Amino acid sequence: MSLSLNQLERKFERQIYHKLCRQNIAKAVANIKNGKGKILEIGCGSGEIAKKYIRPYCESLSATDIVKRFEGSKIADDIAFQIEDAQHLSFDDETFDGVISRDVIEHVTDDELFIAESLRVLKKGGVLFFTTPNRLRLTAIIRYLYGRPIRFPHRYGSGPGLGEVVHIREYSLGDLRQLLKKFYVKSIEIYGVYLGIPHWQIGLARFPKFLSRFAYSWHVTMVKR
């Protein structure tokens with residue numbers, strides 16, 4: 001029996017890696033204008049993250065996705081939703097204090113345009129926070145050693161309410177640095193999250209910094225100049 005998108009989100013909340021990711025999202029939002037920011041979420045999925053980990057920590061939230069993945073016309077009474085292409089946002093320049101995006105950049109055809117659009121709709125001093133899998137995470141390295149390296153674009157299968165899950169690319173630490181240096185911003189922070197295999201609940205939430213290049217995913221913070 002397959003799980004619905006909402007059921008899958010609730011299952012993830014019981015896993016250490018996904019808990020860490022959600023906590024980091026909440027912290028990132030709470031730090032924007034001391035919890036009083038006007039926030040845009042790109043790729044809201046079922047809306048569970050928006051309801052539990054973004055909306056409680058901001059003044060207002062606009063949630064978007066390329067398609068609607070939940071029942072009803074809106075996520076909640078106080079969360080606006082609209083269909084948006086992350087590479088061609090309809091919002092005016094300098095509209096938001098923060099942009100939050102969870103595991104979207106690896107799916108878009110033009111990652112530079114994705115970042116440029118996110119920065120465009122941010123006010124000066126605004127924060128872009130996004131997450132994405134690490135191309136050199138331990139599971140990927142194990143596959144390489146067994147002669148089954150991940151090649152991109154890569155189909156990971158299909159998920160409930162998501163259709164086919166295809167990553168056009170993934171990023172090593174070096175890949176991200178090369179991409180992000182193209183943007184003239186106030187600051188950039190790249191943070192490695194979880195060292196291990198989340199599916200088996202095997203791994204470390206805290207680990208030496210020199211091992212961060214093998215973390216499971218990257219959490220990136222960019223502050224607009």
# chains A, B, ... in the order shown; residues from 1 in each chain; ligands from 1
>>> residues_around(residues="stretch 15-28 of chain A", least_positions_apart="3", cutoff="7 Å", atoms="only C-alpha atoms", output="VMD selection string")
chain A and resid 12 31 to 32 53 to 54 57 194 198 201
>>> select_by_dssp(residues="stretch 157-225 of chain A", states="strand (DSSP E)", output="list in words")
Gly157, Ser158, Gly159, Gly163, Glu164, Val165, Val166, His167, Ser187, Ile188, Glu189, Ile190, Tyr191, Gly192, Val193, Leu195, Gly196, Ile197, Ile202, Gly203, Leu204, Ser217, Trp218, His219, Val220, Thr221, Met222 and Val223 of chain A
>>> residues_around(residues="A:Ile115", least_positions_apart="4", cutoff="12 Å", atoms="only C-alpha atoms", output="JSON, numbers by chain")
{"A": [42, 86, 87, 88, 89, 99, 100, 101, 104, 105, 106, 108, 109, 110, 111, 119, 120, 121, 122, 127, 128, 129, 130, 176, 179, 180, 181, 182, 183, 184, 185, 220, 221, 222, 223, 224]}
>>> select_by_dssp(residues="stretch 36-70 of chain A", states="helix (DSSP H, G or I)", output="PyMOL selection string")
chain A and resi 48-57
>>> residues_around(residues="A:Lys36", least_positions_apart="3", cutoff="12 Å", atoms="only C-alpha atoms", output="ChimeraX atom specification")
/A:29-33,39,54-61,96-98
>>> atom_distance(atom1="atom CA of A:Tyr171", atom2="atom CA of A:Leu195")
15.8 Å
>>> residues_around(residues="stretch 148-151 of chain A", least_positions_apart="3", cutoff="12 Å", atoms="only C-alpha atoms", output="PyMOL selection string")
chain A and resi 134-145+154-156+166-170
>>> atom_distance(atom1="atom CA of A:Cys44", atom2="atom CA of A:Ala63")
5.9 Å
